[in-house]
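So this block is query_1.csv, CSV, C-alpha atoms:
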```csv
chain,number,residue,atom,x,y,z
A,205,MET,CA,-9.3,-0.7,-4.4
A,206,ASP,CA,-10.1,0.9,-7.7
A,207,GLU,CA,-10.3,-2.1,-10.0
A,208,GLY,CA,-10.0,0.2,-13.0
A,209,ASN,CA,-6.4,0.8,-12.0
A,210,GLY,CA,-5.8,-2.7,-10.7
A,211,GLY,CA,-2.8,-3.7,-12.8
A,212,PRO,CA,-0.8,-5.4,-14.0
A,213,ARG,CA,2.2,-3.6,-12.6
A,214,ARG,CA,5.4,-4.0,-14.7
A,215,ALA,CA,9.0,-4.4,-13.6
A,216,GLY,CA,10.7,-1.1,-13.5
A,217,GLU,CA,7.6,1.0,-12.8
A,218,VAL,CA,7.7,3.2,-9.7
A,219,ALA,CA,5.3,2.7,-6.8
A,220,VAL,CA,4.8,5.7,-4.5
A,221,ILE,CA,3.3,4.4,-1.2
A,222,PHE,CA,1.6,7.2,0.8
A,223,ALA,CA,0.6,5.9,4.3
A,224,SER,CA,-1.3,8.5,6.3
A,225,THR,CA,-3.4,9.1,9.4
A,226,ARG,CA,-6.2,11.6,9.0
A,227,ASN,CA,-7.4,13.6,12.0
A,228,GLY,CA,-11.0,14.0,10.8
A,229,ALA,CA,-10.9,17.7,10.2
A,230,ASP,CA,-12.6,19.3,7.2
A,231,ALA,CA,-13.9,16.0,5.8
A,232,ALA,CA,-15.7,17.7,2.9
A,233,GLY,CA,-12.6,19.7,1.9
A,234,TYR,CA,-10.5,16.6,2.1
A,235,ASP,CA,-12.8,14.5,-0.1
A,236,ALA,CA,-13.0,17.2,-2.7
A,237,ALA,CA,-9.2,17.6,-2.7
A,238,ALA,CA,-8.6,13.8,-2.9
A,239,ALA,CA,-10.9,13.4,-5.9
A,240,ALA,CA,-9.3,16.4,-7.6
A,241,MET,CA,-5.8,14.9,-7.0
A,242,ASP,CA,-6.8,11.5,-8.4
A,243,ALA,CA,-8.1,13.2,-11.5
A,244,LEU,CA,-5.0,15.4,-11.8
A,245,ALA,CA,-2.6,12.4,-11.3
A,246,ALA,CA,-4.4,10.5,-14.1
A,247,ARG,CA,-3.6,13.3,-16.5
A,248,GLN,CA,0.1,13.3,-15.7
A,249,SER,CA,2.5,11.8,-18.2
A,250,GLY,CA,3.7,8.3,-17.2
A,251,TYR,CA,0.7,7.7,-14.9
A,252,ARG,CA,0.0,4.0,-14.4
A,253,GLY,CA,-2.8,3.9,-11.8
A,254,ILE,CA,-3.7,4.5,-8.2
A,255,GLU,CA,-5.0,2.2,-5.5
A,256,SER,CA,-6.4,3.7,-2.3
A,257,VAL,CA,-7.9,2.4,0.9
A,258,ARG,CA,-8.9,4.2,4.1
A,259,GLY,CA,-10.1,2.4,7.2
A,260,PRO,CA,-12.7,3.6,9.8
A,261,ASP,CA,-9.9,4.7,12.2
A,262,GLY,CA,-8.5,7.3,9.7
A,263,ALA,CA,-5.5,5.2,8.6
A,264,GLY,CA,-5.0,5.1,4.8
A,265,ILE,CA,-2.7,3.8,2.2
A,266,THR,CA,-2.6,5.2,-1.3
A,267,ILE,CA,-0.2,3.8,-3.9
A,268,SER,CA,0.3,5.6,-7.2
A,269,TYR,CA,2.2,3.9,-10.0
A,270,TRP,CA,4.4,5.6,-12.5
A,271,ALA,CA,6.2,4.6,-15.7
A,272,ASP,CA,9.6,5.6,-14.3
A,273,GLU,CA,11.4,7.7,-11.7
A,274,ALA,CA,11.1,10.9,-13.8
A,275,ALA,CA,7.3,10.6,-13.9
A,276,ALA,CA,7.1,10.1,-10.2
A,277,ILE,CA,9.2,13.1,-9.5
A,278,ALA,CA,7.2,15.2,-11.9
A,279,TRP,CA,4.1,14.3,-10.0
A,280,ARG,CA,5.8,15.1,-6.6
A,281,ASP,CA,6.7,18.6,-8.0
A,282,GLN,CA,3.4,19.3,-9.8
A,283,PRO,CA,2.4,22.7,-8.4
A,284,ASP,CA,-1.2,21.9,-7.6
A,285,HIS,CA,-0.1,18.7,-6.0
A,286,ALA,CA,2.5,20.5,-3.9
A,287,ALA,CA,0.0,23.0,-2.8
A,288,ILE,CA,-2.5,20.3,-1.7
A,289,ARG,CA,0.3,18.5,0.2
A,290,GLU,CA,1.0,21.7,2.1
A,291,ARG,CA,-2.7,22.0,2.9
A,292,GLY,CA,-2.7,18.4,4.1
A,293,ARG,CA,0.1,19.2,6.6
A,294,GLY,CA,-1.8,22.2,7.8
A,295,LEU,CA,-5.2,20.6,8.1
A,296,TRP,CA,-6.0,17.0,7.4
A,297,TYR,CA,-3.2,14.7,8.5
A,298,ASP,CA,-1.6,13.9,11.8
A,299,ARG,CA,1.2,12.1,10.1
A,300,TYR,CA,2.2,10.5,6.8
A,301,ARG,CA,5.0,8.5,5.3
A,302,VAL,CA,6.0,8.4,1.6
A,303,THR,CA,8.0,5.3,0.5
A,304,VAL,CA,9.2,5.3,-3.1
A,305,CYS,CA,9.8,1.8,-4.6
A,306,THR,CA,10.7,0.1,-7.9
A,307,VAL,CA,8.4,-2.7,-9.0
A,308,VAL,CA,10.3,-6.1,-9.3
A,309,ARG,CA,7.4,-8.5,-10.0
A,310,ASP,CA,3.7,-8.7,-9.9
A,311,TYR,CA,1.0,-11.3,-10.0
A,312,ALA,CA,-2.7,-11.5,-9.5
A,313,TRP,CA,-5.4,-14.0,-8.6
A,314,CYS,CA,-9.1,-13.7,-9.3
A,315,ARG,CA,-12.0,-16.0,-8.4
A,316,ALA,CA,-13.1,-17.9,-11.5
B,197,MET,CA,-1.8,1.9,10.0
B,198,ASP,CA,0.1,0.1,12.7
B,199,GLU,CA,2.3,2.9,14.0
B,200,GLY,CA,4.5,0.3,15.7
B,201,ASN,CA,5.7,-0.7,12.3
B,202,GLY,CA,5.6,2.7,10.8
B,203,GLY,CA,9.2,3.0,9.6
B,204,PRO,CA,11.6,4.3,8.6
B,205,ARG,CA,12.0,2.1,5.4
B,206,ARG,CA,15.5,1.8,4.1
B,207,ALA,CA,16.8,1.7,0.5
B,208,GLY,CA,17.1,-1.9,-0.6
B,209,GLU,CA,14.4,-3.3,1.6
B,210,VAL,CA,11.7,-5.3,-0.1
B,211,ALA,CA,8.0,-4.1,0.1
B,212,VAL,CA,5.4,-6.8,-0.7
B,213,ILE,CA,2.1,-5.0,-1.6
B,214,PHE,CA,-0.9,-7.3,-1.1
B,215,ALA,CA,-4.0,-5.6,-2.5
B,216,SER,CA,-7.2,-7.6,-2.0
B,217,THR,CA,-11.0,-7.6,-2.1
B,218,ARG,CA,-12.7,-9.6,0.5
B,219,ASN,CA,-16.2,-11.1,-0.1
B,220,GLY,CA,-17.3,-11.0,3.5
B,221,ALA,CA,-17.4,-14.7,4.0
B,222,ASP,CA,-16.3,-16.2,7.4
B,223,ALA,CA,-15.3,-12.9,9.0
B,224,ALA,CA,-14.3,-14.4,12.3
B,225,GLY,CA,-12.1,-17.0,10.6
B,226,TYR,CA,-10.5,-14.3,8.5
B,227,ASP,CA,-9.8,-12.1,11.5
B,228,ALA,CA,-8.2,-14.9,13.4
B,229,ALA,CA,-6.1,-16.0,10.5
B,230,ALA,CA,-5.0,-12.4,9.8
B,231,ALA,CA,-3.9,-11.9,13.4
B,232,ALA,CA,-2.0,-15.2,13.3
B,233,MET,CA,-0.3,-14.3,10.1
B,234,ASP,CA,0.8,-10.9,11.4
B,235,ALA,CA,2.3,-12.6,14.5
B,236,LEU,CA,4.0,-15.3,12.3
B,237,ALA,CA,5.4,-12.7,9.9
B,238,ALA,CA,6.9,-10.8,12.8
B,239,ARG,CA,8.9,-13.8,13.9
B,240,GLN,CA,10.4,-14.4,10.5
B,241,SER,CA,14.0,-13.5,9.9
B,242,GLY,CA,14.4,-10.2,8.0
B,243,TYR,CA,11.0,-8.9,9.0
B,244,ARG,CA,10.8,-5.1,8.9
B,245,GLY,CA,7.2,-4.3,9.6
B,246,ILE,CA,3.6,-4.5,8.3
B,247,GLU,CA,1.1,-1.8,7.5
B,248,SER,CA,-2.5,-2.8,6.8
B,249,VAL,CA,-5.7,-0.9,6.0
B,250,ARG,CA,-9.1,-2.2,5.0
B,251,GLY,CA,-12.0,-0.1,3.9
B,252,PRO,CA,-15.7,-0.6,4.6
B,253,ASP,CA,-16.2,-2.0,1.1
B,254,GLY,CA,-13.9,-4.9,1.6
B,255,ALA,CA,-10.9,-3.5,-0.3
B,256,GLY,CA,-7.6,-3.7,1.6
B,257,ILE,CA,-4.0,-3.0,1.2
B,258,THR,CA,-1.4,-4.8,3.3
B,259,ILE,CA,2.3,-4.0,2.8
B,260,SER,CA,5.0,-6.2,4.5
B,261,TYR,CA,8.6,-5.0,4.5
B,262,TRP,CA,11.6,-7.3,4.5
B,263,ALA,CA,15.3,-6.9,4.8
B,264,ASP,CA,16.0,-8.4,1.4
B,265,GLU,CA,14.6,-10.5,-1.4
B,266,ALA,CA,15.6,-13.8,0.3
B,267,ALA,CA,13.5,-12.8,3.4
B,268,ALA,CA,10.5,-11.9,1.3
B,269,ILE,CA,10.7,-15.2,-0.6
B,270,ALA,CA,11.1,-17.2,2.6
B,271,TRP,CA,7.9,-15.6,3.9
B,272,ARG,CA,6.1,-16.4,0.6
B,273,ASP,CA,7.2,-20.0,1.0
B,274,GLN,CA,6.6,-20.3,4.8
B,275,PRO,CA,4.3,-23.4,5.0
B,276,ASP,CA,1.6,-22.0,7.4
B,277,HIS,CA,1.5,-18.8,5.3
B,278,ALA,CA,1.1,-20.8,2.1
B,279,ALA,CA,-1.7,-22.9,3.7
B,280,ILE,CA,-3.5,-19.7,4.7
B,281,ARG,CA,-3.1,-18.2,1.3
B,282,GLU,CA,-4.8,-21.3,-0.2
B,283,ARG,CA,-7.6,-20.9,2.3
B,284,GLY,CA,-7.9,-17.3,1.3
B,285,ARG,CA,-8.4,-18.3,-2.3
B,286,GLY,CA,-11.0,-20.9,-1.3
B,287,LEU,CA,-12.9,-18.7,1.1
B,288,TRP,CA,-12.2,-15.0,1.8
B,289,TYR,CA,-11.0,-13.2,-1.3
B,290,ASP,CA,-12.7,-12.4,-4.6
B,291,ARG,CA,-9.3,-11.2,-6.0
B,292,TYR,CA,-5.9,-10.1,-4.9
B,293,ARG,CA,-2.7,-8.8,-6.4
B,294,VAL,CA,0.8,-9.1,-5.1
B,295,THR,CA,3.4,-6.5,-6.2
B,296,VAL,CA,6.9,-7.0,-5.0
B,297,CYS,CA,9.1,-3.8,-4.9
B,298,THR,CA,12.4,-2.6,-3.8
B,299,VAL,CA,12.5,0.5,-1.6
B,300,VAL,CA,14.4,3.5,-3.2
B,301,ARG,CA,13.7,6.2,-0.6
B,302,ASP,CA,11.4,7.1,2.2
B,303,TYR,CA,10.4,10.1,4.2
B,304,ALA,CA,8.0,10.9,6.9
B,305,TRP,CA,6.1,13.9,8.3
B,306,CYS,CA,4.5,14.2,11.7
B,307,ARG,CA,2.4,17.0,13.2
B,308,ALA,CA,4.6,18.8,15.8
```
What's the structure tokens form of this structure?
Amino acid sequence: MDEGNGGPRRAGEVAVIFASTRNGADAAGYDAAAAAMDALAARQSGYRGIESVRGPDGAGITISYWADEAAAIAWRDQPDHAAIRERGRGLWYDRYRVTVCTVVRDYAWCRA
Amino acid sequence: MDEGNGGPRRAGEVAVIFASTRNGADAAGYDAAAAAMDALAARQSGYRGIESVRGPDGAGITISYWADEAAAIAWRDQPDHAAIRERGRGLWYDRYRVTVCTVVRDYAWCRA
């Protein structure tokens, strides 16, 4: 989890959950693209943070947070992002699922 | 990602995002508790699936899906679940964040 993007999340923000299974192909290309996409997302209007975890078996969950639905859709339609998504289907992923949600409430706990 | 719970997610369902950082303490106890909680959640009314990923650095994201808000709250208040959460604060986690969302839309892609 990237603590720099760790919240808080506010009611009405949009959470885009990207759950994927990588196949292991082109690891270097994937890593470079993932870093580039994180940086590109952070420059988008309405960006509110990303959390991303990938396990040793190739399963991953990335959640990007957006100020509103319009910002989430603008990110979906951003041309470089769309091109990378196409490359992901061709090369890196066996499957993925995108679930778009609206934040209702949020709370955090941290060891004192 | 547990493909057995891999979707689809339907509009109006509730997604409970649990983003945590483990400290590495009591790994065996944690693993047993996590498996017990997965099994217990699956027996709750309104359960719609769990996806969970943890990376090598201890960061993890678990998302449980519920038919509606009432089902998500019943899970939050389930006594065994509440007791395990207390143990997590005492023992396993350095921090966590819970973000409750409503599903708006969902789509999936799978390699042919």
If you count only C-alpha atoms, which residues fall within 8 Å of Tyr300 in chain A, apart from same-chain ones fewer than 2 positions away, as a CSV table (one decimal) with C-alpha atoms, in the coordinates of the input?
```csv
chain,number,residue,atom,x,y,z
A,222,PHE,CA,1.6,7.2,0.8
A,223,ALA,CA,0.6,5.9,4.3
A,224,SER,CA,-1.3,8.5,6.3
A,225,THR,CA,-3.4,9.1,9.4
A,297,TYR,CA,-3.2,14.7,8.5
A,298,ASP,CA,-1.6,13.9,11.8
A,302,VAL,CA,6.0,8.4,1.6
B,304,ALA,CA,8.0,10.9,6.9
B,305,TRP,CA,6.1,13.9,8.3
B,306,CYS,CA,4.5,14.2,11.7
```
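Contact shell of Ala229 in chain B at 10 Å (all atoms listed in the file; same-chain neighbours under 3 positions omitted): Ala223, Ala224, Gly225, Tyr226, Ala232, Met233, Asp234, Ala235, His277, Ile280, Arg281, Arg283 and Gly284 of chain B.
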Suppose you want the space between CA of Arg307 in chain B and CA of Arg301 in chain A; what is it in Å?
-> 11.9 Å
Residues of chain B no more than 9 Å from chain A, counting only C-alpha atoms: send them over as a PyMOL selection string.
-> chain B and resi 197-198+202-205+207+210-211+215-217+247-258+285-286+289-308
Given the selection you just returned, output its residues as a file containing C-alpha atoms, formatted as a PDB file, in the coordinates of the input.
```
ATOM      1  CA  MET B 197      -1.800   1.900  10.000  1.00  0.00           C
ATOM      2  CA  ASP B 198       0.100   0.100  12.700  1.00  0.00           C
ATOM      3  CA  GLY B 202       5.600   2.700  10.800  1.00  0.00           C
ATOM      4  CA  GLY B 203       9.200   3.000   9.600  1.00  0.00           C
ATOM      5  CA  PRO B 204      11.600   4.300   8.600  1.00  0.00           C
ATOM      6  CA  ARG B 205      12.000   2.100   5.400  1.00  0.00           C
ATOM      7  CA  ALA B 207      16.800   1.700   0.500  1.00  0.00           C
ATOM      8  CA  VAL B 210      11.700  -5.300  -0.100  1.00  0.00           C
ATOM      9  CA  ALA B 211       8.000  -4.100   0.100  1.00  0.00           C
ATOM     10  CA  ALA B 215      -4.000  -5.600  -2.500  1.00  0.00           C
ATOM     11  CA  SER B 216      -7.200  -7.600  -2.000  1.00  0.00           C
ATOM     12  CA  THR B 217     -11.000  -7.600  -2.100  1.00  0.00           C
ATOM     13  CA  GLU B 247       1.100  -1.800   7.500  1.00  0.00           C
ATOM     14  CA  SER B 248      -2.500  -2.800   6.800  1.00  0.00           C
ATOM     15  CA  VAL B 249      -5.700  -0.900   6.000  1.00  0.00           C
ATOM     16  CA  ARG B 250      -9.100  -2.200   5.000  1.00  0.00           C
ATOM     17  CA  GLY B 251     -12.000  -0.100   3.900  1.00  0.00           C
ATOM     18  CA  PRO B 252     -15.700  -0.600   4.600  1.00  0.00           C
ATOM     19  CA  ASP B 253     -16.200  -2.000   1.100  1.00  0.00           C
ATOM     20  CA  GLY B 254     -13.900  -4.900   1.600  1.00  0.00           C
ATOM     21  CA  ALA B 255     -10.900  -3.500  -0.300  1.00  0.00           C
ATOM     22  CA  GLY B 256      -7.600  -3.700   1.600  1.00  0.00           C
ATOM     23  CA  ILE B 257      -4.000  -3.000   1.200  1.00  0.00           C
ATOM     24  CA  THR B 258      -1.400  -4.800   3.300  1.00  0.00           C
ATOM     25  CA  ARG B 285      -8.400 -18.300  -2.300  1.00  0.00           C
ATOM     26  CA  GLY B 286     -11.000 -20.900  -1.300  1.00  0.00           C
ATOM     27  CA  TYR B 289     -11.000 -13.200  -1.300  1.00  0.00           C
ATOM     28  CA  ASP B 290     -12.700 -12.400  -4.600  1.00  0.00           C
ATOM     29  CA  ARG B 291      -9.300 -11.200  -6.000  1.00  0.00           C
ATOM     30  CA  TYR B 292      -5.900 -10.100  -4.900  1.00  0.00           C
ATOM     31  CA  ARG B 293      -2.700  -8.800  -6.400  1.00  0.00           C
ATOM     32  CA  VAL B 294       0.800  -9.100  -5.100  1.00  0.00           C
ATOM     33  CA  THR B 295       3.400  -6.500  -6.200  1.00  0.00           C
ATOM     34  CA  VAL B 296       6.900  -7.000  -5.000  1.00  0.00           C
ATOM     35  CA  CYS B 297       9.100  -3.800  -4.900  1.00  0.00           C
ATOM     36  CA  THR B 298      12.400  -2.600  -3.800  1.00  0.00           C
ATOM     37  CA  VAL B 299      12.500   0.500  -1.600  1.00  0.00           C
ATOM     38  CA  VAL B 300      14.400   3.500  -3.200  1.00  0.00           C
ATOM     39  CA  ARG B 301      13.700   6.200  -0.600  1.00  0.00           C
ATOM     40  CA  ASP B 302      11.400   7.100   2.200  1.00  0.00           C
ATOM     41  CA  TYR B 303      10.400  10.100   4.200  1.00  0.00           C
ATOM     42  CA  ALA B 304       8.000  10.900   6.900  1.00  0.00           C
ATOM     43  CA  TRP B 305       6.100  13.900   8.300  1.00  0.00           C
ATOM     44  CA  CYS B 306       4.500  14.200  11.700  1.00  0.00           C
ATOM     45  CA  ARG B 307       2.400  17.000  13.200  1.00  0.00           C
ATOM     46  CA  ALA B 308       4.600  18.800  15.800  1.00  0.00           C
TER      47      ALA B 308
END
```
Go ahead and compute the interatomic distance for CA of Arg272 in chain B and CA of Tyr243 in chain B, in Å to one decimal.
-> 12.3 Å
How many Å separate CA of Pro283 in chain A from CA of Gln248 in chain A?
-> 12.1 Å
